Every structure is written in structure tokens, then in C-alpha cells.
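Structure file coords.txt; described as compact mmCIF, C-alpha atoms.
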```txt
# COMPACT_ATOMS: atom_id res chain seq x y z
CA MET A 241 -38.27 -11.43 28.96
CA SER A 242 -36.02 -9.76 26.41
CA ARG A 243 -32.74 -11.55 25.60
CA ASP A 244 -31.18 -8.40 24.11
CA LEU A 245 -27.83 -7.31 25.49
CA PRO A 246 -27.32 -3.81 26.87
CA PRO A 247 -25.34 -1.43 24.65
CA LEU A 248 -21.92 -2.98 24.01
CA ASN A 249 -20.11 0.33 24.48
CA ALA A 250 -21.60 0.56 27.94
CA LEU A 251 -20.59 -3.01 28.76
CA ARG A 252 -17.08 -2.35 27.51
CA ALA A 253 -16.76 0.79 29.62
CA PHE A 254 -18.06 -1.03 32.71
CA GLU A 255 -15.77 -4.03 32.15
CA ALA A 256 -12.71 -1.80 31.94
CA ALA A 257 -13.67 0.24 35.02
CA ALA A 258 -14.45 -2.89 37.05
CA ARG A 259 -11.27 -4.68 35.97
CA LEU A 260 -9.03 -1.67 36.61
CA GLN A 261 -11.01 -0.57 39.69
CA SER A 262 -10.88 2.98 38.38
CA VAL A 263 -13.08 5.06 36.10
CA SER A 264 -10.13 7.31 35.20
CA ARG A 265 -7.85 4.41 34.25
CA ALA A 266 -10.66 2.88 32.20
CA GLY A 267 -10.92 6.14 30.29
CA GLU A 268 -7.18 6.10 29.63
CA GLU A 269 -7.32 2.51 28.36
CA LEU A 270 -10.25 3.20 26.06
CA HIS A 271 -8.93 6.63 25.00
CA VAL A 272 -12.01 8.50 26.23
CA THR A 273 -12.66 10.91 29.08
CA HIS A 274 -13.53 10.08 32.69
CA GLY A 275 -16.97 11.59 32.05
CA ALA A 276 -17.58 9.39 29.02
CA ILE A 277 -16.96 6.25 31.09
CA SER A 278 -19.26 7.50 33.84
CA ARG A 279 -22.03 8.23 31.34
CA GLN A 280 -21.76 4.75 29.82
CA ILE A 281 -21.96 3.16 33.27
CA ARG A 282 -25.10 5.20 34.05
CA VAL A 283 -26.63 4.01 30.77
CA LEU A 284 -25.88 0.43 31.77
CA GLU A 285 -27.35 0.87 35.26
CA GLU A 286 -30.53 2.38 33.80
CA GLU A 287 -30.76 -0.46 31.27
CA LEU A 288 -30.38 -3.15 33.96
CA GLY A 289 -32.27 -1.32 36.71
CA VAL A 290 -29.52 -1.90 39.32
CA SER A 291 -26.61 0.00 40.80
CA LEU A 292 -23.22 -1.35 39.76
CA PHE A 293 -20.93 0.95 41.76
CA ASP A 294 -21.16 2.62 45.18
CA LYS A 295 -19.17 5.62 46.32
CA ASP A 296 -16.16 4.64 48.41
CA GLY A 297 -14.41 7.74 49.69
CA ARG A 298 -12.89 9.43 46.65
CA GLY A 299 -13.33 6.28 44.58
CA VAL A 300 -15.95 3.66 43.84
CA LYS A 301 -16.50 0.00 44.68
CA LEU A 302 -18.61 -2.65 43.03
CA THR A 303 -22.02 -3.58 44.39
CA ASP A 304 -23.02 -7.24 44.56
CA ALA A 305 -24.71 -6.81 41.18
CA GLY A 306 -21.55 -5.15 39.86
CA VAL A 307 -19.41 -8.08 40.99
CA ARG A 308 -21.69 -10.54 39.18
CA LEU A 309 -21.65 -8.50 35.99
CA ARG A 310 -17.88 -7.93 36.23
CA ASP A 311 -17.19 -11.66 36.44
CA ALA A 312 -19.44 -12.41 33.46
CA ALA A 313 -18.23 -9.47 31.38
CA SER A 314 -14.54 -10.09 32.13
CA ASP A 315 -14.86 -13.70 31.06
CA ALA A 316 -16.74 -12.79 27.88
CA PHE A 317 -14.35 -10.00 26.86
CA GLU A 318 -11.29 -12.12 27.61
CA ARG A 319 -12.65 -14.89 25.39
CA LEU A 320 -13.35 -12.33 22.68
CA ARG A 321 -9.81 -10.93 22.95
CA GLY A 322 -8.34 -14.41 22.71
CA THR A 323 -10.46 -15.38 19.72
CA CYS A 324 -9.68 -12.13 17.89
CA SER A 325 -5.97 -12.63 18.56
CA GLU A 326 -6.17 -16.15 17.12
CA LEU A 327 -8.03 -14.88 14.07
CA ARG A 328 -5.40 -12.19 13.49
CA ARG A 329 -2.62 -14.76 13.72
CA GLY A 330 -4.51 -17.00 11.32
CA ALA A 331 -4.99 -14.12 8.88
CA THR A 332 -1.30 -13.32 8.83
CA GLU A 333 -0.50 -16.95 8.06
CA GLN A 334 -2.53 -16.69 4.86
CA PRO A 335 -0.57 -15.41 1.85
CA PHE A 336 -0.91 -11.74 1.04
CA VAL A 337 -1.57 -11.73 -2.71
CA LEU A 338 -0.16 -8.72 -4.55
CA GLY A 339 -0.99 -8.05 -8.19
CA CYS A 340 1.34 -5.92 -10.30
CA PRO A 341 2.44 -5.53 -13.92
CA GLY A 342 4.95 -8.15 -15.03
CA SER A 343 7.49 -5.50 -16.02
CA LEU A 344 7.37 -3.92 -12.56
CA LEU A 345 7.57 -7.34 -10.97
CA ALA A 346 10.57 -8.46 -13.03
CA ARG A 347 12.59 -5.25 -13.10
CA TRP A 348 11.99 -3.77 -9.65
CA PHE A 349 10.22 -6.12 -7.28
CA ILE A 350 12.00 -9.45 -7.76
CA PRO A 351 15.49 -7.95 -7.25
CA ARG A 352 14.25 -6.70 -3.85
CA LEU A 353 12.16 -9.72 -2.89
CA ASP A 354 14.81 -11.34 -0.70
CA ARG A 355 15.17 -8.07 1.24
CA LEU A 356 11.41 -7.81 1.69
CA ASN A 357 11.18 -11.38 3.01
CA ARG A 358 13.90 -10.59 5.56
CA ASP A 359 12.32 -7.29 6.61
CA LEU A 360 8.69 -8.50 6.69
CA PRO A 361 8.83 -12.23 7.53
CA GLY A 362 5.18 -12.29 8.58
CA LEU A 363 3.85 -10.94 5.30
CA HIS A 364 3.86 -14.27 3.40
CA LEU A 365 3.76 -12.41 0.10
CA GLN A 366 2.43 -14.09 -3.04
CA LEU A 367 2.93 -12.22 -6.32
CA SER A 368 0.49 -12.25 -9.23
CA ALA A 369 1.79 -10.76 -12.47
CA SER A 370 -0.34 -9.19 -15.15
CA GLU A 371 0.27 -7.06 -18.22
CA GLY A 372 -2.01 -4.49 -19.74
CA GLU A 373 -4.84 -2.96 -17.72
CA LEU A 374 -4.95 -4.34 -14.20
CA ASP A 375 -8.18 -4.69 -12.26
CA PRO A 376 -7.42 -4.01 -8.57
CA ARG A 377 -10.86 -5.38 -7.69
CA ARG A 378 -10.07 -8.79 -9.15
CA ALA A 379 -11.05 -11.67 -6.89
CA GLY A 380 -8.11 -13.26 -5.12
CA LEU A 381 -6.03 -10.07 -4.84
CA ASP A 382 -5.36 -8.43 -1.48
CA ALA A 383 -3.67 -5.40 -3.07
CA THR A 384 -2.44 -4.05 -6.40
CA LEU A 385 0.79 -2.18 -7.08
CA TRP A 386 0.80 -0.12 -10.26
CA PHE A 387 1.19 3.25 -11.92
CA ALA A 388 -2.12 5.11 -12.08
CA GLU A 389 -3.42 8.67 -12.18
CA PRO A 390 -5.77 10.27 -9.63
CA PRO A 391 -8.54 10.85 -8.75
CA TRP A 392 -8.74 7.69 -6.68
CA PRO A 393 -11.97 5.64 -6.51
CA ALA A 394 -14.00 5.75 -3.32
CA ASP A 395 -13.96 1.97 -2.88
CA MET A 396 -10.15 1.82 -2.73
CA GLN A 397 -7.64 2.76 -0.05
CA VAL A 398 -4.74 4.12 -2.10
CA HIS A 399 -1.25 4.40 -0.61
CA GLU A 400 0.70 6.90 -2.73
CA LEU A 401 4.32 5.76 -2.91
CA ALA A 402 6.18 7.80 -5.54
CA VAL A 403 5.54 10.15 -8.43
CA GLU A 404 6.11 8.51 -11.80
CA ARG A 405 9.09 9.92 -13.72
CA ILE A 406 9.69 8.83 -17.32
CA GLY A 407 12.59 9.38 -19.68
CA PRO A 408 14.44 7.98 -22.71
CA VAL A 409 17.14 5.37 -22.14
CA LEU A 410 19.64 3.63 -24.39
CA SER A 411 22.38 1.06 -24.04
CA PRO A 412 26.13 1.66 -24.47
CA HIS A 413 25.84 -1.20 -27.01
CA HIS A 414 23.75 0.99 -29.32
CA PRO A 415 25.73 1.50 -32.59
CA ARG A 416 25.31 5.29 -32.30
CA PHE A 417 25.65 5.55 -28.54
CA ALA A 418 28.54 8.05 -28.61
CA THR A 419 26.59 10.43 -30.86
CA LEU A 420 23.16 10.00 -29.30
CA SER A 421 24.39 10.32 -25.72
CA GLN A 422 25.56 13.87 -26.58
CA ALA A 423 22.41 14.81 -28.51
CA ARG A 424 19.92 17.44 -27.30
CA PRO A 425 16.33 16.34 -26.65
CA HIS A 426 15.05 17.87 -29.91
CA GLU A 427 17.50 15.75 -31.88
CA LEU A 428 15.57 12.63 -30.88
CA LEU A 429 12.73 13.81 -33.14
CA GLY A 430 14.61 12.34 -36.08
CA GLU A 431 15.39 9.04 -34.36
CA PRO A 432 13.20 5.92 -34.83
CA LEU A 433 12.06 5.38 -31.25
CA LEU A 434 11.24 2.12 -29.52
CA TYR A 435 7.81 2.11 -27.91
CA THR A 436 5.30 -0.15 -26.21
CA ALA A 437 1.64 -0.54 -27.08
CA SER A 438 0.77 -0.66 -23.36
CA ARG A 439 2.03 2.93 -22.84
CA PRO A 440 1.32 4.78 -26.13
CA GLN A 441 1.17 8.15 -24.30
CA ALA A 442 4.71 7.89 -22.87
CA TRP A 443 6.66 9.44 -25.77
CA PRO A 444 4.12 12.24 -26.41
CA THR A 445 4.11 13.08 -22.69
CA TRP A 446 7.91 13.29 -22.68
CA ALA A 447 7.92 15.44 -25.83
CA ILE A 448 5.42 17.93 -24.41
CA GLY A 449 7.36 18.05 -21.14
CA ASN A 450 10.43 19.09 -23.12
CA GLY A 451 8.60 21.69 -25.18
CA LEU A 452 8.62 19.53 -28.34
CA ASP A 453 5.85 18.82 -30.83
CA PRO A 454 4.76 15.19 -30.27
CA ALA A 455 3.54 15.04 -33.88
CA ARG A 456 7.18 15.13 -35.00
CA LEU A 457 8.10 11.96 -33.09
CA GLN A 458 9.09 9.00 -35.29
CA MET A 459 7.99 5.67 -33.93
CA GLY A 460 10.21 2.72 -34.78
CA GLN A 461 9.87 -0.85 -33.48
CA GLY A 462 6.91 -1.44 -31.19
CA PHE A 463 6.53 -4.05 -28.44
CA GLU A 464 3.50 -5.40 -26.67
CA HIS A 465 4.86 -5.00 -23.15
CA LEU A 466 7.27 -2.69 -21.38
CA TYR A 467 9.46 -5.60 -20.30
CA PHE A 468 10.19 -6.54 -23.94
CA LEU A 469 10.77 -2.89 -24.80
CA LEU A 470 13.50 -2.61 -22.19
CA GLU A 471 15.08 -5.88 -23.25
CA ALA A 472 15.31 -4.45 -26.76
CA ALA A 473 16.93 -1.29 -25.40
CA LEU A 474 19.44 -3.36 -23.43
CA ALA A 475 20.30 -5.20 -26.64
CA GLY A 476 21.18 -1.87 -28.26
CA LEU A 477 18.27 -1.88 -30.71
CA GLY A 478 17.21 1.72 -30.08
CA VAL A 479 16.13 4.44 -27.69
CA ALA A 480 13.30 3.39 -25.39
CA ILE A 481 11.25 5.27 -22.81
CA ALA A 482 10.47 3.96 -19.33
CA PRO A 483 9.58 4.92 -15.76
CA GLN A 484 12.72 5.72 -13.79
CA GLN A 485 11.78 3.19 -11.10
CA LEU A 486 11.96 0.35 -13.63
CA VAL A 487 15.42 1.19 -14.93
CA VAL A 488 17.10 2.43 -11.73
CA ASP A 489 19.11 -0.77 -11.33
CA ASP A 490 20.15 -0.79 -15.02
CA LEU A 491 21.28 2.84 -14.71
CA ARG A 492 23.21 2.18 -11.52
CA GLN A 493 25.03 -0.75 -13.12
CA GLY A 494 25.68 1.03 -16.41
CA ARG A 495 23.58 -1.27 -18.57
CA LEU A 496 21.45 1.69 -19.64
CA ARG A 497 22.06 5.44 -19.76
CA ALA A 498 19.58 8.32 -19.49
CA PRO A 499 21.35 11.35 -21.05
CA TRP A 500 18.11 13.36 -21.24
CA GLY A 501 16.93 12.82 -17.67
CA PHE A 502 13.38 12.16 -16.51
CA ILE A 503 10.22 14.23 -16.24
CA GLU A 504 7.28 13.83 -13.86
CA THR A 505 3.92 12.58 -15.12
CA PRO A 506 0.50 12.89 -13.44
CA ALA A 507 0.71 9.20 -12.49
CA MET A 508 1.74 7.77 -9.13
CA LEU A 509 3.20 4.43 -8.22
CA SER A 510 0.65 3.41 -5.63
CA LEU A 511 -0.62 0.46 -3.64
CA TRP A 512 -4.37 -0.08 -3.97
CA VAL A 513 -6.26 -1.99 -1.29
CA PRO A 514 -10.02 -2.64 -1.50
CA SER A 515 -11.69 -0.67 1.29
CA ARG A 516 -13.96 -3.59 2.06
CA ARG A 517 -10.92 -5.78 2.92
CA PRO A 518 -8.74 -3.75 5.32
CA ASP A 519 -5.55 -5.61 6.20
CA ARG A 520 -2.80 -4.24 8.45
CA ARG A 521 -0.27 -6.09 6.27
CA ALA A 522 -1.08 -3.67 3.45
CA GLN A 523 0.04 -0.75 5.62
CA MET A 524 3.26 -2.63 6.50
CA LEU A 525 3.93 -3.30 2.81
CA ALA A 526 3.19 0.31 1.83
CA GLU A 527 5.65 1.63 4.42
CA TRP A 528 8.34 -0.81 3.24
CA LEU A 529 7.80 0.10 -0.41
CA ARG A 530 7.98 3.81 0.39
CA GLN A 531 11.31 3.31 2.17
CA GLN A 532 12.75 1.36 -0.76
CA LEU A 533 11.61 3.94 -3.29
CA ASP A 534 13.07 6.77 -1.22
```
Exercise: express the given structure as C-alpha cells:
Amino acid sequence: MSRDLPPLNALRAFEAAARLQSVSRAGEELHVTHGAISRQIRVLEEELGVSLFDKDGRGVKLTDAGVRLRDAASDAFERLRGTCSELRRGATEQPFVLGCPGSLLARWFIPRLDRLNRDLPGLHLQLSASEGELDPRRAGLDATLWFAEPPWPADMQVHELAVERIGPVLSPHHPRFATLSQARPHELLGEPLLYTASRPQAWPTWAIGNGLDPARLQMGQGFEHLYFLLEAALAGLGVAIAPQQLVVDDLRQGRLRAPWGFIETPAMLSLWVPSRRPDRRAQMLAEWLRQQLD
């Protein structure tokens, strides 16, 4: 005799109808039509070779066979629900590991970390910093937050959070702050500019966006990472360029100024989650990040 189970969709439809004592209410619970539940029950009856329901006026009642199957199915599905609930609780107790560039972590995320822990106490966030090119598929990461340009890969669920906007910034401590803060964008072409090797395209992108010839840009002191570049700008060593999101707190507190504004780039600040590892905490984090960036 075969030990195969009947179709699980049919068992699920029957269990709901038997538990709720209504085909219509079962359809509502499972978000399908009355007819879909009835068809699944007929499939199950044909598979088992017995009748599970009898007509009872305008409704239905369980046959003896239906009662036996209801008791077994209800017990099995209840145990499954309980086990799945325990597994979900166990999953949320594991840390959610988020990878992101160190500059983004230090300048935007850490100042908001206390707020995130208050707003999402069940997230159990663990941060993993990296500079240079991140690999969102790296083992041990549940998600990656970074600036990247579409198109998005098929094996990633990408939550778009904010368009990247970049612009030049300088400190009031810069020796020529009074003059430079009144300068027009084209006047920066004669200024030795601070730059970072991790974003060599930033200054040329800004120049093109302002109708300037990027070949006329003069590069001054270079830095390996964006974090060091901004520290140099804060120290008054020159004019740097950075994503608006990473200097928003410095601008608000007057540590840096952006006299020339910001322009949009093709990149997006986005949260990448491997499609093979769906996690509802990623959606919660994406919604929180979007609110903070707004």
C-alpha cells in the first residue's frame, strides 16, 4: 500500500473547512474562493475514495471518515503551526548581520544606532564594516547596505532607499573659506581638490553635472577611503566631495558647508538581501531606513 500523502493543498483546504465548519469561511481564511475549497475537497475525496462531507440543509457536515481525518489533520497542522512559530522566534533571536562600508557605518549609521535599537528591538542587529568593493553574497551576511547602480542582479532582492546625491563640501576652518564659499562652481577647477581612491568617478561626475570639463579638474591630496577624506575636509585641508547622506549631520551642525549644492548620480543607496535567504527582518530594516532617510 502506498504511504504517499494526498495533495497538501487539498489537506489544508479540508482541515480549514472542517475546523471552521464552513467552506466559505475556509476560503476567507486561505484567501481563495468558495469554489476553490470545494474543488480541493473533491480532489481529496477522490484520492482517498471516501466521502468527507454530507449535505446538511444549506451547509455540510462531516462524515465518520471526515471526522477521523479532521482529528488527524487538525493535530498535524497545529503541531506544524507551533513548530514554525518556534522556528520564527528562534530565527529572530539570531543576530541580523548587516554589511556596509565603514564610512557609511561611521558617519550615518552609528549616530542612529541607538534609535534603531529602540524602534526595532527584535532585530538584534550586528554590523560588519568593509571598505572598497563589497560582496553582498559574502558568507555570514544577511544583508548589505551600500551605494550601487542598477540594473540589479536576479539573485538579489534589492530595497531601493534613496537616490545618491553628491557635492563638494568644505569646513569653515579652511584658510580660504570666506572666498571659496562665495565661488561659482567653475572656479573650483583651479582648486586642488581632495579625493578618494575608492570613488575616483565622483569629481568627474559632479563636473559633468555642472556643465564643466572634467579634464580641467585639479586633483590634490588623495585618500584611500571616504572616511579619511571627510576627516581631512573637517580639518580644513581642502574641498572634498561626498554623498549628501554621509555629511548631512556635519552640515546640520555647521562642521561642513556645501555652497555648491548636490547633484543626483545613477547610484542608489539600497539594501541588498540574497533571494535565497528571505528574512522578514530585512523588510523591517528597509522600512526603517527609508523613514530615516526621508
Exercise. How far is it from atom CA of Asp304 of chain A to atom CA of Phe317 of chain A, in Å with one decimal?
Worked result: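 Here the two named atoms are 19.9 Å from each other.
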Emit as lines of an AutoDock Vina configuration file the padded axis-aligned box for all listed atoms of segment 417-435 of chain A, 4 Å per side, with centre and edge lengths in Å to one decimal.
```
center_x = 18.2
center_y = 10.0
center_z = -30.9
size_x = 28.7
size_y = 23.8
size_z = 18.4
```
Exercise. Interatomic distance between atom CA of Arg378 of chain A and atom CA of Arg521 of chain A?
Worked result: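 Going from atom CA of Arg378 of chain A over to atom CA of Arg521 of chain A, I get 18.5 Å.
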For this session: Please provide the set of residues having any atom within 8 Å of Val337 of chain A, restricted to all atoms listed in the file, with same-chain residues fewer than 6 positions apart removed, written as a ChimeraX atom specification.
Result: /A:365-368,380-383
For this session: Considering only C-alpha atoms, state which residue in the set A:Trp392, A:Tyr435, A:Trp528, A:Phe254 is at the smallest distance from Leu284 of chain A.
Result: A:Phe254
For this session: Please identify all polymer residues within 9 Å of Phe463 of chain A, counting only C-alpha atoms, omitting same-chain residues fewer than 5 positions from it, and present them as a PyMOL selection string.
Result: chain A and resi 434-438+468-469+472
Exercise. At most 8 Å from (17.7, 6.2, -20.8), file frame, all atoms listed in the file: which residues, as a PyMOL selection string?
Worked result: chain A and resi 407-411+479-482+491+496-501
Exercise. Atom CA of Leu511 of chain A and atom CA of Gln441 of chain A, how far apart in Å?
Worked result: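 Separation of atom CA of Gln441 of chain A and atom CA of Leu511 of chain A: 22.1 Å.
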For this session: Go through A:Gly430, A:Pro361, A:Pro390, A:Gly478 one by one, measure the shortest atom-to-atom distance of each to Val403 of chain A using all atoms listed in the file, and give the residue with the smallest value.
Result: A:Pro390
For this session: Would you kindly return, as a ChimeraX atom specification, each protein, DNA or RNA residue with an atom no farther than 9 Å from any atom of segment 285-302 of chain A, considering all atoms listed in the file and excluding same-chain residues fewer than 6 positions away?
Result: /A:246-247,254,258,261-263,309-310
Exercise. What's the 12 Å shell around Val398 of chain A, counting only C-alpha atoms, without same-chain residues fewer than 5 positions away, as a PyMOL selection string?
Worked result: chain A and resi 376+383-393+508-515+518+522-523+526
Would you save the residues of that selection, restricted to C-alpha atoms, as a compact mmCIF listing (two decimals), in the frame of the given file?
```
# COMPACT_ATOMS: atom_id res chain seq x y z
CA PRO A 376 -7.42 -4.01 -8.57
CA ALA A 383 -3.67 -5.40 -3.07
CA THR A 384 -2.44 -4.05 -6.40
CA LEU A 385 0.79 -2.18 -7.08
CA TRP A 386 0.80 -0.12 -10.26
CA PHE A 387 1.19 3.25 -11.92
CA ALA A 388 -2.12 5.11 -12.08
CA GLU A 389 -3.42 8.67 -12.18
CA PRO A 390 -5.77 10.27 -9.63
CA PRO A 391 -8.54 10.85 -8.75
CA TRP A 392 -8.74 7.69 -6.68
CA PRO A 393 -11.97 5.64 -6.51
CA MET A 508 1.74 7.77 -9.13
CA LEU A 509 3.20 4.43 -8.22
CA SER A 510 0.65 3.41 -5.63
CA LEU A 511 -0.62 0.46 -3.64
CA TRP A 512 -4.37 -0.08 -3.97
CA VAL A 513 -6.26 -1.99 -1.29
CA PRO A 514 -10.02 -2.64 -1.50
CA SER A 515 -11.69 -0.67 1.29
CA PRO A 518 -8.74 -3.75 5.32
CA ALA A 522 -1.08 -3.67 3.45
CA GLN A 523 0.04 -0.75 5.62
CA ALA A 526 3.19 0.31 1.83
```
Seminar exercise, completed: If you count only C-alpha atoms, the residue of A:Val272, A:Ala369, A:Ala266, A:Gly342 closest to His465 of chain A turns out to be A:Gly342
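Using all atoms listed in the file, the smallest distance between any of A:Arg319, A:Arg377, A:Arg456, A:Arg308 and Leu429 of chain A comes from A:Arg456.
Between His414 of chain A and the candidates A:Cys324, A:Leu251, A:Leu477, A:Leu470, the tightest atom-to-atom separation, counting all atoms listed in the file, involves A:Leu477.
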For this session: Fewer than 2 positions away in the same chain doesn't count, so skip those; otherwise give me all residues within 10 Å of Asn450 of chain A, counting only C-alpha atoms, as a list in words.
Result: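 The neighbour list is Pro425, His426, Pro444, Thr445, Trp446, Ala447, Ile448, Leu452, Asp453, Pro454, Trp500 and Ile503 of chain A.
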